[in-house]
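Notes follow once the structure below has been shown.
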Amino acid sequence: MGGHVTGAVSALASELPDWVTLLRAPNPGPMTLDGTNTWLLRAPGAAHGVLVDPGPADEAHLAAIVARGPIGLVLITHGHPDHTEGAPRLHELLDGVPVRAADPTHSIGGPPLDGGALDGHGLDVRLVPTPGHTADSVCFLVEHGDRRVVLTGDTILGRGTTVVAHPDGHLGDYLASLELLSTYRGIPALPGHGPALADCGAAADFYLAHRRGRLDQVRAALDEGAQTAADVVAKVYADVDRSLWWAAEWSVRAQLEYLGRESDGGSSGLDRP
């Protein structure tokens, strides 16, 4: 979710490799920004491409993906429905092309991602485990020639900040994942929502500073007498539209857990209007 940060978190990418194509799903909203980014990667001259995050089960969007075929592999950054809902139907439309995710629940016709080599059909595709937003969140480092990109899913967005979806998401894991991504200096980030960013490392630095600042605010709210996650949200996220406070609570619960303070329960997931 965007929090009070509504602009890009670092400089936008002025250009991307010619083997990268964005197919944005028509599902804009407060949590999805302009819509879910479906990324198609195809090495120059390669017969098959690699698709990252099919997006929602929107027939027009899935048809647009198929029209860009052939596609030899579908990858999932994490299991939230706005990234995975269209995968079963796309698997059918692509005549059984494997869909691979870290969570076996979202893998179709192929093994779950386990750190092994990925067939990038002419691209060097490497799995980068980045739990935190969700337990199953991963990124992908993709290289061809002298160009590299990092597909960041919802771990880093192109605009605003993301939710740590407690209890599935974990703030300690998320901070460690951001530390890892901060080492990818000068490499464009292709996020799950929002515009592409010029520097994954710079974006990760921004996110780390933002998270640490939020933790200081949460500590202050607790010192001032906040008793529940809802109390903390009211103090720390007062500048966020109240219609998004339900989502802010996921991050607050993760922050309370990280600080060793019990939250007041609550369910996981972001499947809410």
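Here's how to read the names in the structure tokens: chain A, B, ... by the order shown, residue numbers from 1 in each chain, ligand numbers from 1 in the order shown.
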
When DSSP works through the backbone of this structure, what residues of segment 51-249 of chain A end up as helix (DSSP H, G or I), shown as a short mmCIF file (atom, residue, chain, number, x, y, z; two decimals) with N, CA, C and O atoms, in the first residue's frame?
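Saved to selection_5.cif:
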```cif
data_model
loop_
_atom_site.label_atom_id
_atom_site.label_comp_id
_atom_site.auth_asym_id
_atom_site.auth_seq_id
_atom_site.Cartn_x
_atom_site.Cartn_y
_atom_site.Cartn_z
N GLU A 59 -10.06 -12.01 -18.98
CA GLU A 59 -9.88 -12.68 -20.27
C GLU A 59 -9.18 -11.81 -21.29
O GLU A 59 -8.36 -12.29 -22.07
N ALA A 60 -9.47 -10.52 -21.31
CA ALA A 60 -8.81 -9.64 -22.28
C ALA A 60 -7.31 -9.54 -21.98
O ALA A 60 -6.48 -9.55 -22.89
N HIS A 61 -6.97 -9.46 -20.71
CA HIS A 61 -5.56 -9.39 -20.33
C HIS A 61 -4.84 -10.68 -20.69
O HIS A 61 -3.74 -10.66 -21.27
N LEU A 62 -5.46 -11.80 -20.40
CA LEU A 62 -4.85 -13.09 -20.71
C LEU A 62 -4.71 -13.28 -22.23
O LEU A 62 -3.71 -13.82 -22.71
N ALA A 63 -5.70 -12.81 -22.98
CA ALA A 63 -5.63 -12.88 -24.44
C ALA A 63 -4.47 -12.04 -24.96
O ALA A 63 -3.78 -12.43 -25.92
N ALA A 64 -4.24 -10.88 -24.35
CA ALA A 64 -3.13 -10.03 -24.76
C ALA A 64 -1.79 -10.72 -24.50
O ALA A 64 -0.84 -10.58 -25.28
N ILE A 65 -1.72 -11.48 -23.39
CA ILE A 65 -0.51 -12.24 -23.11
C ILE A 65 -0.28 -13.31 -24.18
O ILE A 65 0.81 -13.45 -24.73
N VAL A 66 -1.33 -14.07 -24.45
CA VAL A 66 -1.23 -15.15 -25.43
C VAL A 66 -0.82 -14.61 -26.80
O VAL A 66 -0.03 -15.24 -27.53
N ALA A 67 -1.33 -13.43 -27.14
CA ALA A 67 -1.01 -12.84 -28.44
C ALA A 67 0.48 -12.50 -28.58
O ALA A 67 0.98 -12.35 -29.69
N PRO A 81 -3.69 -12.82 -5.00
CA PRO A 81 -4.55 -13.06 -6.17
C PRO A 81 -4.35 -12.11 -7.33
O PRO A 81 -4.54 -12.50 -8.48
N ASP A 82 -3.99 -10.86 -7.06
CA ASP A 82 -3.81 -9.92 -8.17
C ASP A 82 -2.60 -10.27 -9.03
O ASP A 82 -2.42 -9.70 -10.11
N HIS A 83 -1.79 -11.23 -8.57
CA HIS A 83 -0.65 -11.70 -9.35
C HIS A 83 -0.87 -13.11 -9.91
O HIS A 83 -0.23 -13.48 -10.90
N THR A 84 -1.74 -13.88 -9.27
CA THR A 84 -1.83 -15.31 -9.59
C THR A 84 -3.19 -15.77 -10.10
O THR A 84 -3.30 -16.87 -10.65
N ALA A 87 -3.45 -17.37 -13.46
CA ALA A 87 -2.48 -18.41 -13.84
C ALA A 87 -3.13 -19.70 -14.32
O ALA A 87 -2.70 -20.26 -15.34
N PRO A 88 -4.16 -20.23 -13.64
CA PRO A 88 -4.74 -21.49 -14.13
C PRO A 88 -5.30 -21.37 -15.54
O PRO A 88 -5.08 -22.26 -16.38
N ARG A 89 -6.00 -20.29 -15.82
CA ARG A 89 -6.56 -20.09 -17.15
C ARG A 89 -5.45 -19.88 -18.19
O ARG A 89 -5.50 -20.43 -19.29
N LEU A 90 -4.42 -19.13 -17.82
CA LEU A 90 -3.31 -18.91 -18.75
C LEU A 90 -2.59 -20.22 -19.04
O LEU A 90 -2.19 -20.48 -20.18
N HIS A 91 -2.44 -21.06 -18.03
CA HIS A 91 -1.84 -22.38 -18.22
C HIS A 91 -2.60 -23.17 -19.28
O HIS A 91 -1.99 -23.83 -20.13
N GLU A 92 -3.92 -23.07 -19.26
CA GLU A 92 -4.74 -23.74 -20.28
C GLU A 92 -4.53 -23.10 -21.65
O GLU A 92 -4.33 -23.80 -22.66
N LEU A 93 -4.58 -21.77 -21.70
CA LEU A 93 -4.47 -21.07 -22.97
C LEU A 93 -3.12 -21.29 -23.63
O LEU A 93 -3.00 -21.24 -24.87
N PRO A 104 4.07 -24.20 -3.57
CA PRO A 104 3.54 -25.25 -4.46
C PRO A 104 2.07 -25.05 -4.82
O PRO A 104 1.63 -25.50 -5.88
N THR A 105 1.32 -24.34 -3.96
CA THR A 105 -0.09 -24.08 -4.23
C THR A 105 -0.28 -23.36 -5.55
O THR A 105 -1.29 -23.56 -6.24
N HIS A 106 0.68 -22.54 -5.93
CA HIS A 106 0.55 -21.71 -7.13
C HIS A 106 1.39 -22.23 -8.30
O HIS A 106 1.48 -21.56 -9.33
N LEU A 171 8.37 -8.86 9.30
CA LEU A 171 9.16 -7.64 9.10
C LEU A 171 10.65 -7.92 9.15
O LEU A 171 11.41 -7.34 8.37
N GLY A 172 11.09 -8.81 10.04
CA GLY A 172 12.52 -9.12 10.08
C GLY A 172 13.00 -9.69 8.76
O GLY A 172 14.05 -9.30 8.24
N ASP A 173 12.21 -10.60 8.19
CA ASP A 173 12.55 -11.15 6.87
C ASP A 173 12.56 -10.06 5.82
O ASP A 173 13.42 -10.03 4.92
N TYR A 174 11.57 -9.15 5.91
CA TYR A 174 11.45 -8.09 4.90
C TYR A 174 12.66 -7.17 4.93
O TYR A 174 13.22 -6.81 3.89
N LEU A 175 13.09 -6.78 6.13
CA LEU A 175 14.26 -5.91 6.23
C LEU A 175 15.50 -6.61 5.68
O LEU A 175 16.32 -5.98 4.99
N ALA A 176 15.64 -7.90 5.95
CA ALA A 176 16.77 -8.65 5.40
C ALA A 176 16.71 -8.71 3.87
O ALA A 176 17.74 -8.61 3.19
N SER A 177 15.51 -8.87 3.34
CA SER A 177 15.35 -8.90 1.89
C SER A 177 15.71 -7.55 1.27
O SER A 177 16.34 -7.48 0.21
N LEU A 178 15.30 -6.47 1.92
CA LEU A 178 15.66 -5.15 1.42
C LEU A 178 17.17 -4.92 1.48
O LEU A 178 17.76 -4.31 0.57
N GLU A 179 17.81 -5.42 2.54
CA GLU A 179 19.27 -5.32 2.62
C GLU A 179 19.92 -6.04 1.43
O GLU A 179 20.87 -5.54 0.83
N LEU A 180 19.39 -7.21 1.10
CA LEU A 180 19.91 -7.94 -0.06
C LEU A 180 19.71 -7.15 -1.34
O LEU A 180 20.63 -6.99 -2.16
N LEU A 181 18.50 -6.63 -1.55
CA LEU A 181 18.21 -5.90 -2.78
C LEU A 181 18.98 -4.59 -2.86
O LEU A 181 19.22 -4.08 -3.96
N CYS A 200 17.50 -0.46 -8.47
CA CYS A 200 16.92 -1.31 -7.42
C CYS A 200 17.56 -1.02 -6.07
O CYS A 200 16.88 -0.95 -5.04
N GLY A 201 18.87 -0.87 -6.04
CA GLY A 201 19.56 -0.62 -4.79
C GLY A 201 19.12 0.67 -4.12
O GLY A 201 18.90 0.71 -2.90
N ALA A 202 18.96 1.73 -4.90
CA ALA A 202 18.51 3.01 -4.35
C ALA A 202 17.09 2.90 -3.82
O ALA A 202 16.76 3.46 -2.77
N ALA A 203 16.24 2.17 -4.53
CA ALA A 203 14.86 1.98 -4.07
C ALA A 203 14.84 1.20 -2.76
O ALA A 203 14.07 1.52 -1.84
N ALA A 204 15.68 0.17 -2.66
CA ALA A 204 15.76 -0.61 -1.42
C ALA A 204 16.24 0.27 -0.26
O ALA A 204 15.74 0.15 0.87
N ASP A 205 17.21 1.14 -0.52
CA ASP A 205 17.67 2.06 0.52
C ASP A 205 16.52 2.93 1.02
O ASP A 205 16.38 3.16 2.23
N PHE A 206 15.73 3.44 0.10
CA PHE A 206 14.58 4.28 0.47
C PHE A 206 13.62 3.48 1.34
O PHE A 206 13.14 3.97 2.37
N TYR A 207 13.32 2.27 0.93
CA TYR A 207 12.39 1.43 1.68
C TYR A 207 12.92 1.14 3.08
O TYR A 207 12.17 1.14 4.07
N LEU A 208 14.23 0.86 3.19
CA LEU A 208 14.81 0.59 4.50
C LEU A 208 14.68 1.81 5.41
O LEU A 208 14.31 1.68 6.59
N ALA A 209 14.99 2.98 4.89
CA ALA A 209 14.87 4.19 5.68
C ALA A 209 13.42 4.42 6.11
O ALA A 209 13.14 4.80 7.25
N HIS A 210 12.50 4.17 5.19
CA HIS A 210 11.09 4.35 5.50
C HIS A 210 10.64 3.39 6.59
O HIS A 210 9.95 3.78 7.54
N ARG A 211 11.02 2.13 6.48
CA ARG A 211 10.62 1.13 7.47
C ARG A 211 11.20 1.45 8.84
O ARG A 211 10.52 1.31 9.87
N ARG A 212 12.44 1.86 8.88
CA ARG A 212 13.06 2.19 10.16
C ARG A 212 12.40 3.42 10.78
O ARG A 212 12.22 3.49 12.01
N GLY A 213 12.03 4.38 9.94
CA GLY A 213 11.30 5.54 10.45
C GLY A 213 9.94 5.15 11.00
O GLY A 213 9.52 5.66 12.05
N ARG A 214 9.25 4.25 10.33
CA ARG A 214 7.96 3.77 10.83
C ARG A 214 8.11 3.06 12.17
O ARG A 214 7.29 3.22 13.07
N LEU A 215 9.16 2.26 12.29
CA LEU A 215 9.39 1.58 13.57
C LEU A 215 9.58 2.59 14.70
O LEU A 215 9.07 2.39 15.81
N ASP A 216 10.31 3.67 14.43
CA ASP A 216 10.46 4.71 15.45
C ASP A 216 9.11 5.32 15.81
O ASP A 216 8.84 5.60 16.99
N GLN A 217 8.26 5.51 14.81
CA GLN A 217 6.93 6.07 15.07
C GLN A 217 6.07 5.10 15.89
O GLN A 217 5.31 5.52 16.76
N VAL A 218 6.20 3.81 15.60
CA VAL A 218 5.44 2.81 16.36
C VAL A 218 5.91 2.78 17.81
O VAL A 218 5.09 2.74 18.74
N ARG A 219 7.21 2.82 18.01
CA ARG A 219 7.74 2.86 19.38
C ARG A 219 7.19 4.08 20.13
O ARG A 219 6.80 3.97 21.30
N ALA A 220 7.17 5.22 19.45
CA ALA A 220 6.66 6.43 20.08
C ALA A 220 5.18 6.30 20.41
O ALA A 220 4.74 6.72 21.49
N ALA A 221 4.41 5.71 19.50
CA ALA A 221 2.98 5.52 19.76
C ALA A 221 2.76 4.62 20.96
O ALA A 221 1.86 4.86 21.80
N LEU A 222 3.56 3.57 21.09
CA LEU A 222 3.45 2.68 22.24
C LEU A 222 3.81 3.42 23.53
O LEU A 222 3.14 3.26 24.56
N ASP A 223 4.85 4.23 23.47
CA ASP A 223 5.26 5.01 24.65
C ASP A 223 4.17 5.99 25.06
O ASP A 223 4.05 6.33 26.26
N ALA A 229 -3.18 -2.67 17.81
CA ALA A 229 -2.74 -2.33 16.46
C ALA A 229 -3.56 -1.18 15.90
O ALA A 229 -3.03 -0.29 15.24
N ALA A 230 -4.87 -1.20 16.17
CA ALA A 230 -5.72 -0.12 15.68
C ALA A 230 -5.32 1.22 16.29
O ALA A 230 -5.35 2.26 15.60
N ASP A 231 -4.93 1.22 17.57
CA ASP A 231 -4.46 2.46 18.20
C ASP A 231 -3.21 2.99 17.49
O ASP A 231 -3.08 4.19 17.24
N VAL A 232 -2.30 2.08 17.18
CA VAL A 232 -1.06 2.49 16.52
C VAL A 232 -1.35 3.04 15.13
O VAL A 232 -0.79 4.06 14.72
N VAL A 233 -2.23 2.37 14.39
CA VAL A 233 -2.59 2.86 13.05
C VAL A 233 -3.12 4.28 13.12
O VAL A 233 -2.76 5.15 12.32
N ALA A 234 -4.00 4.53 14.09
CA ALA A 234 -4.61 5.86 14.21
C ALA A 234 -3.57 6.94 14.46
O ALA A 234 -3.74 8.08 14.01
N LYS A 235 -2.49 6.59 15.15
CA LYS A 235 -1.45 7.57 15.45
C LYS A 235 -0.43 7.67 14.32
O LYS A 235 -0.08 8.77 13.87
N VAL A 236 0.03 6.51 13.82
CA VAL A 236 1.16 6.50 12.89
C VAL A 236 0.70 6.72 11.45
O VAL A 236 1.42 7.32 10.65
N ARG A 242 -8.50 6.66 5.47
CA ARG A 242 -9.04 5.66 6.40
C ARG A 242 -9.51 4.39 5.71
O ARG A 242 -9.55 3.33 6.32
N SER A 243 -9.84 4.49 4.42
CA SER A 243 -10.28 3.30 3.71
C SER A 243 -9.15 2.28 3.56
O SER A 243 -9.40 1.11 3.24
N LEU A 244 -7.90 2.71 3.81
CA LEU A 244 -6.75 1.81 3.72
C LEU A 244 -6.19 1.42 5.08
O LEU A 244 -5.18 0.70 5.15
N TRP A 245 -6.84 1.85 6.16
CA TRP A 245 -6.31 1.53 7.48
C TRP A 245 -6.33 0.02 7.74
O TRP A 245 -5.49 -0.49 8.46
N TRP A 246 -7.30 -0.68 7.17
CA TRP A 246 -7.32 -2.14 7.35
C TRP A 246 -6.03 -2.76 6.84
O TRP A 246 -5.52 -3.71 7.44
N ALA A 247 -5.49 -2.23 5.74
CA ALA A 247 -4.23 -2.76 5.20
C ALA A 247 -3.04 -2.32 6.04
O ALA A 247 -2.10 -3.09 6.25
N ALA A 248 -3.09 -1.08 6.53
CA ALA A 248 -2.00 -0.60 7.40
C ALA A 248 -1.87 -1.47 8.64
O ALA A 248 -0.77 -1.64 9.17
N GLU A 249 -2.99 -2.03 9.09
CA GLU A 249 -2.93 -2.88 10.28
C GLU A 249 -2.05 -4.10 10.07
O GLU A 249 -1.42 -4.60 11.02
#
```

Residues near segment 44-49 of chain A, cut-off 6 Å, only C-alpha atoms, skip fewer than 5 positions along chain, as a PyMOL selection string: chain A and resi 70-72

Generate the output file for the selected residues, N, CA and C atoms, as a PDB file, in the first residue's frame.
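Output saved as part13.pdb:
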```
ATOM      1  N   PRO A  70       5.070 -17.181 -28.699  1.00  0.00           N
ATOM      2  CA  PRO A  70       5.012 -18.274 -27.725  1.00  0.00           C
ATOM      3  C   PRO A  70       5.710 -17.930 -26.403  1.00  0.00           C
ATOM      4  N   ILE A  71       5.218 -18.534 -25.340  1.00  0.00           N
ATOM      5  CA  ILE A  71       5.779 -18.372 -24.002  1.00  0.00           C
ATOM      6  C   ILE A  71       6.160 -19.759 -23.487  1.00  0.00           C
ATOM      7  N   GLY A  72       7.360 -19.876 -22.944  1.00  0.00           N
ATOM      8  CA  GLY A  72       7.851 -21.170 -22.515  1.00  0.00           C
ATOM      9  C   GLY A  72       7.845 -21.399 -21.024  1.00  0.00           C
TER      10      GLY A  72
END
```

Find the residue from A:Leu94, A:Leu151, A:Leu41, A:Leu197 that sits nearest to Pro17 of chain A; use only C-alpha atoms when measuring. A:Leu41

Residues flagged strand (DSSP E) by DSSP in segment 69-270 of chain A, as a ChimeraX atom specification: /A:71-75,99-100,124-129,138-144,147-153,189-191

Got a sec: who's within 7 Å of segment 110-117 of chain A, counting only C-alpha atoms, leaving out chain neighbours fewer than 5 positions off, as a short mmCIF file (atom, residue, chain, number, x, y, z; two decimals) with N, CA and C atoms, in the first residue's frame?
```cif
data_model
loop_
_atom_site.label_atom_id
_atom_site.label_comp_id
_atom_site.auth_asym_id
_atom_site.auth_seq_id
_atom_site.Cartn_x
_atom_site.Cartn_y
_atom_site.Cartn_z
N PRO A 98 4.47 -24.60 -18.09
CA PRO A 98 4.58 -24.66 -16.63
C PRO A 98 4.51 -23.28 -15.98
N VAL A 99 3.81 -23.25 -14.85
CA VAL A 99 3.73 -22.08 -13.99
C VAL A 99 4.47 -22.43 -12.71
N ARG A 100 5.51 -21.65 -12.39
CA ARG A 100 6.34 -21.99 -11.23
C ARG A 100 6.35 -20.86 -10.21
N ALA A 101 6.11 -21.22 -8.96
CA ALA A 101 6.08 -20.29 -7.85
C ALA A 101 6.80 -20.93 -6.67
N ALA A 102 7.19 -20.12 -5.69
CA ALA A 102 7.82 -20.68 -4.50
C ALA A 102 6.84 -21.54 -3.71
N ASP A 103 5.59 -21.12 -3.68
CA ASP A 103 4.55 -21.87 -2.98
C ASP A 103 3.99 -22.93 -3.93
N PRO A 104 4.07 -24.20 -3.57
CA PRO A 104 3.54 -25.25 -4.46
C PRO A 104 2.07 -25.05 -4.82
N ARG A 126 17.74 -15.88 -12.62
CA ARG A 126 18.14 -16.40 -11.31
C ARG A 126 17.10 -16.04 -10.25
N LEU A 127 16.79 -17.00 -9.42
CA LEU A 127 15.84 -16.79 -8.33
C LEU A 127 16.54 -16.06 -7.19
#
```

Closest of A:Ala57, A:Val20, A:Ile108, A:Ala254 to Leu190 of chain A - atom-to-atom distances counting only C-alpha atoms: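 Smallest separation from Leu190 of chain A among the options: A:Val20.
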
Residue nearest Asp58 of chain A - candidates A:Thr32, A:Tyr258, A:His78, A:Pro26, atoms counted: only C-alpha atoms: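 Distance minimum relative to Asp58 of chain A lands on A:Pro26.
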